[in-house]
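To keep things clear, I will list the structure first and then write my remarks on it.
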Amino acid sequence: MAETEVSKKRKRPIVRLAVLLLSHSVLVSVICCTAGVFGLLLLPVLAKNTYISENALMPGSASSMLSNQEVSEANKLIKELNNLHSNPLGATTESHGIIAKYMSNLGAQVNNHKFHPQLNQFHPLHFFSGPDSGVMQENSTRSLYGINTVGIIRAPRGDGKEAIVLVTPYNAVKGGVRETLSLGIAYSVFSLLTRVTWLAKDIIWLVADSQYGEYAPVAAWLRDYHTPAFSNLDSLNTETCHVGNNNFESKISYGIRRSGTMAAALVLGVAYGNENEDTLGIYAEASNGQMPNLDLINIVHYLAVHRQGLRVKVEQFHWLLNSKWVKSLGEVFESLGKMVKTLNPDWKLGISAADYVEGAATLASSLYHQALGVPTGPHGAFRDYQVDAITLEFSLRISFDRLDRRNDFLLHGGRLIEGVIRSVNNLLEKFHQSFFLYLLTSPSKFVSVGVYMIAFALLVAPLPVVAASLYAKTLDLNPTSEKDKSATSNELGSVLQSWKWLNSVKTVFVVHFWGATVSLLPYFISQIPDSDPTTNFSVWILLSILSLEILRWILVSPSSHIYGLPQGEWAILKSATISSFFIGLGLMSVINFATAEIGALLMVPMALMAHPLKLDVRGQSLRSILRMICNLVLGVISFPPATFFVFKGVIEGFSGIKAGDFWNWVESLWAWNSATYLYIAARS
Amino acid sequence: LAPLAAFGWVMGTHLSLYPGVLIIPLILLLGNGPDAPPRKLFLQRRCSKGGKNPSSDSSCQEEELFNQSKLPITFSWKPVIHFLFWASIWSVYVLVLCGISVKQNGGMLEMFKSTYGFILTVEDLSPNIGVLWYFFAEVFEFFRNFFLIVFHMNILVMILPLAIRLNHRPCFLAFVYIAISSMLKSYPSVGDSALYLGLLGWFVFELADLQFSFFLFWGCVGVSLLSPVMHNLWIWRGTGNANFYYATAMAFACFQIVLVVESVSAILNYDRKLRKLSVTKPVDGKS
């Protein structure tokens with residue numbers, strides 16, 4: 001008796017609020033969902049200007065030392081490499097030889113790194129254990145190999161414990177002026193850095209062999225760099241290499257030289273551009289939605305805009321730039337901003353419509369690329385080892401053949417890189433001051449995690465409320481009576497009633513297990529040799545349906561009657577599903593926020609509104625019919641292949657879609673160890 | 001029965017120190033006989049057979065006192081002494097075997113220091129799902145012994161009150177002991193939690209009224225999935241720190257505490273309900 005009094009007293013403050021929330025769960029969920037979507041649309045307005053957080057960096061405070069002398073040396077290298085392409089057969093080894101010669105002439109330590117490109121790796125559980133530190137298992141790709149050339153400048157005043165890395169992907173077989181230009185910039189900076197007095201960290205210049213893609217050589221080099229091997233490999237790796245026609249023998253020794261932890265890495269590339277001015281493109285997204293520290297982007301942006309006069313751009317979704325509803329939304333926000341300003345001039349929430357449209361396009365692109373989890377450049381390999389890295393892509397107005405334009409370009413690009421390296425050189429610790437979790441709405445505006453998490457939390461908040469309210473409703477429907485007349489039978493009944501939710505939980509887990517098997521199927525399907533994407537896709541669908549039927553036969557007991565559930569049992573099933581969905585979304589938002597946000601946008605409405613179609617068909621009211629239609633539409637949308645097709649159709653106009661497209665997309669996803677893939681499979 | 005129980009207990013204590021507290025429910029179980037019904041209810045049953053009207057309550061109590069002296073004391077010491085004898089034999093046996101096998105590695109003292117001493121002094125502070133490692137990473141050297149005593153007392157202090165309250169249900173007492181020791185031991189792991197969660201099925205009927213079971217279940221699932229994610233964020237990605245991982249360990253401990261408290265209260269409610277039913281049932285039956 002004393003307990004019931006105490007429990008009554010306990011019921012007052014918090015439990016009453018909870019009861020209030022639960023009884024109005026529909027209203028709460030509608031409000032929270034719309035607030036969440038509105039918050040997401042509001043993000044470009046809430047973006048702040050970027051600023052340099054780490055005071056030690058001080059970008060641009062020293063005048064640049066790069067002069068025409070280094071540029072002319074770079075021109076020599078470019079000329080020699082371009083002449084090489086007249087003879088493509090020995091091009092690879094000869095270009096390596098030339099680059100190595102130039103590097104060692106400067107006084108740097110050179111070594112060649114041999115790697116075997118690993119194709120089609122699928123390691124879904126790698127997320128939990130970190131990057132692949134094991135030895136390669138497949139020997140079938142041993143015939144393919146590439147050679148990276150690595151040059152290291154040891155800092156005269158440093159202790160050799162830290163390094164800054166410059167990466168230039170170079171495809172010797174394809175060649176082209178574009179690639180040699182990036183080598184030229186890097187060489188000019190490299191030659192300056194051998195003579196400079198302020199260097200405190202070692203400089204590593206990696207000329208990556210990008211025959212098999214740009215990402216593979218960088219990832220292979222990083223893997224070998226970070227896994228120490230304690231045998232004397234230098235003698236084992238010396239090979240002689242014969243090039244058939246020329247009888248050209250050269251001894252190339254392979255090995256790896258190390259320098260210490262990497263403070264930052266820059267990947268350089270040059271692209272043909274047809275814009276109106278010189279632009280610099282920054283690509284920052286790494287694997288699984290990780291981003292480098294915002295300070296690195298800030299340094300590059302500051303130096304490019306304020307010192308070198310370049311225009312900086314980040315990727316945007318161009319189809320959003322021209323879309324009407326975004327423009328109208330921008331105008332709405334502009335007017336809202338003006339209204340707010342009249343209320344209180346201190347609040348600077350105003351933003352012009354054009355800015356909003358650009359911000360929305362960049363934000364959408366940023367979200368999309370982070371959500372996919374596929375790195376947008378070779379810099380993605382560095383993030384797995386906690387090194388901040390970005391890819392810089394220069395593009396010029398006119399073609400590169402005019403020498404004065406080329407020299408101008410080399411000078412400006414070289415000065416930019418030198419400024420960045422000088423700033424990073426000042427660091428005593430690795431980047432930690434600025435944000436790691438952010439979304440860019442323009443090269444100089446960002447949204448940090450504290451802001452975008454609120455929009456996500458609003459969107460996801462109705463889920464536990466609805467789950468708790470459904471569970472409470474089922475508890476009320478089956479009251480445990482305390483009549484003593486039929487004590488024993490009632491006891492048994494009440495025992496079974498209170499553990500009844502275990503059945504629905506079992507069903508939920510069976511469905512998740514099916515999702516996991518479906519996600520693992522492509523690995524086995526891809527082992528089938530010589531099949532094109534469409535066949536693969538159809539095989540995948542068949543096998544998934546088959547496994548679903550098998551699981552249903554084995555695990556779902558005949559007593560639970562999925563199709564003919566009474567009202568109470570169906571509510572528990574929905575409650576269990578929503579709880580597991582909430583936990584999954586919460587976890588995913590910690591791992592890769594963008595995936596969780598997009599998943600929540602697509603699936604929270606569906607989850608909240610799900611209702612058995614049979615019951616809706618029987619009910620005649622307008623509300624149930626509306627609900628049924630909504631459920632069908634939302635259910636179709638949230639099934640990933642359907643979403644993919646719909647979006648692609650909206651973007652590209654329904655003309656070029658094949659079923660094989662989805663397979664290719666999925667393959668590219670799991671080739672990058674993406675947690676997105678697991679997430680999509682778990683949600684299906 | 002006694003030798004088998006003794007063997008199990010000795011091996012459990014030898015492998016990790018904490019099953020040693022299970023000696024109390026073992027003694028209770030062996031003393032009462034393994035299939036004895038809970039003693040209090042038994043007494044109540046006998047008492048209510050006679051009385052019909054409320055005034056018979058007082059006579060019921062007198063009868064109870066009277067009966068107590070007359071009841072054969074069902075707690076017999078003979079199996080207990082048998083058990084203790086076998087326990088000592090097994091422990092001597094195990095210790096002799098250990099002594100022989102560790103002779104070249106430094107003898108018995110070394111073995112005790114590195115097995116029991118290690119558990120008691122918490123030397124290794126690598127992160128686990130428990131709550132001790134973070135705490136002992138921060139404590140000053142001067143106070144370390146004091147905090148060691150506090151943390152071990154945390155388990156020992158709970159033994160006696162629980163034994164007094166739950167001595168009519170030795171199986172459940174064992175369950176609660178296992179749960180508490182798996183939560184508060186110096187190096188817990190998920191396997192310890194799995195042990196007592198498996199034993200939860202033993203009491204399905206009694207725990208039917210467990211409040212918050214749904215919430216607890218999803219909470220445990222969520223925390224156990226969140227824990228490796230936080231570990232990854234801390235160690236592999238570098239965007240988190242030890243606090244993230246420790247927060248999940250604390251949340252896990254919270255859920256375990258709620259589970260233990262709620263299950264104990266559910267068992268006590270069940271006993272009360274049984275007692276009420278057994279009092280009123282004969283009345284209804286006769287009316």
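Going by the structure tokens order, chains are called A, B, ..., each with residues numbered from 1, while ligands are numbered from 1 in the order shown.
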
Practice prompt. Show which residues sit within 9 Å of region 571-577 of chain A, as a list in words. Count only C-alpha atoms, and ignore same-chain residues fewer than 6 positions away.
Written response: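 Selected residues are Pro464, Val466, Ala467, Ala468, Ser469, Leu470, Tyr471, Lys473, Thr474, Lys500, Trp501, Asn503, Ser504, Val505, Thr507, Val508, Ala607, Leu608, Ala610 and His611 of chain A; Phe214 and Trp218 of chain B.
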
Worksheet item: Which residues of chain B are close to chain A, meaning at most 12 Å apart when you count only C-alpha atoms, and how do they look as an MDAnalysis selection string?
Response: chainID B and resid 201 203:240 244 265 268:270 272:274 276:285

Worksheet entry | Option closest in space to Pro59 (chain A), from A:Leu475, A:Ile297, A:Val374, A:Ile390 [counting only C-alpha atoms] | A:Ile297

Worksheet item: Residues at most 10 Å from Tyr187 (chain B), counting only C-alpha atoms, excluding those fewer than 5 positions away in the same chain, as a list of chain:residue names?
Response: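 The filter keeps B:Phe118, B:Ile119, B:Leu120, B:Val122, B:Asp124, B:Leu125, B:Ser126, B:Pro127, B:Asn128, B:Ile129, B:Gly130, B:Val131, B:Leu132, B:Trp133, B:Ser182, B:Asp192.
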
Worksheet item: If you run DSSP on the backbone, which residues of region 260-394 of chain A are helix (DSSP H, G or I), as a ChimeraX atom specification?
Response: /A:287-289,294-306,318-321,324-343,353-372,380-383

Practice prompt. Report the distance between CA of Ser25 (chain A) and CA of Val465 (chain A) in Å, rounded to one decimal place.
Written response: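 Taking CA of Ser25 (chain A) and CA of Val465 (chain A), their separation equals 6.4 Å.
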
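Look at Tyr283 (chain A): the protein and nucleic acid residues within 10 Å of it, using only C-alpha atoms and passing over chain neighbours fewer than 2 places away, are Val267, Leu280, Gly281, Glu285, Ala286, Met291, Ile297, Lys313, Val314, Glu315, Ser366, Pro375, Thr376, Gly377, Pro378, His379, Gly380, Ala389, Ile390, Thr391, Leu392 and Glu393 of chain A.
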
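Here CA of Ser182 (chain A) stands at a distance of 25.5 Å from CA of Ser61 (chain A).
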
Worksheet item: Hey, what's within 8 Å of Gly350 (chain A) if we count only C-alpha atoms and toss same-chain stuff fewer than 4 positions away? As number ranges by chain, please?
Response: A: 45, 333-334, 336-338, 340-341

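Take CA of Arg422 (chain A) and CA of Phe446 (chain A): the distance between them is 24.6 Å.
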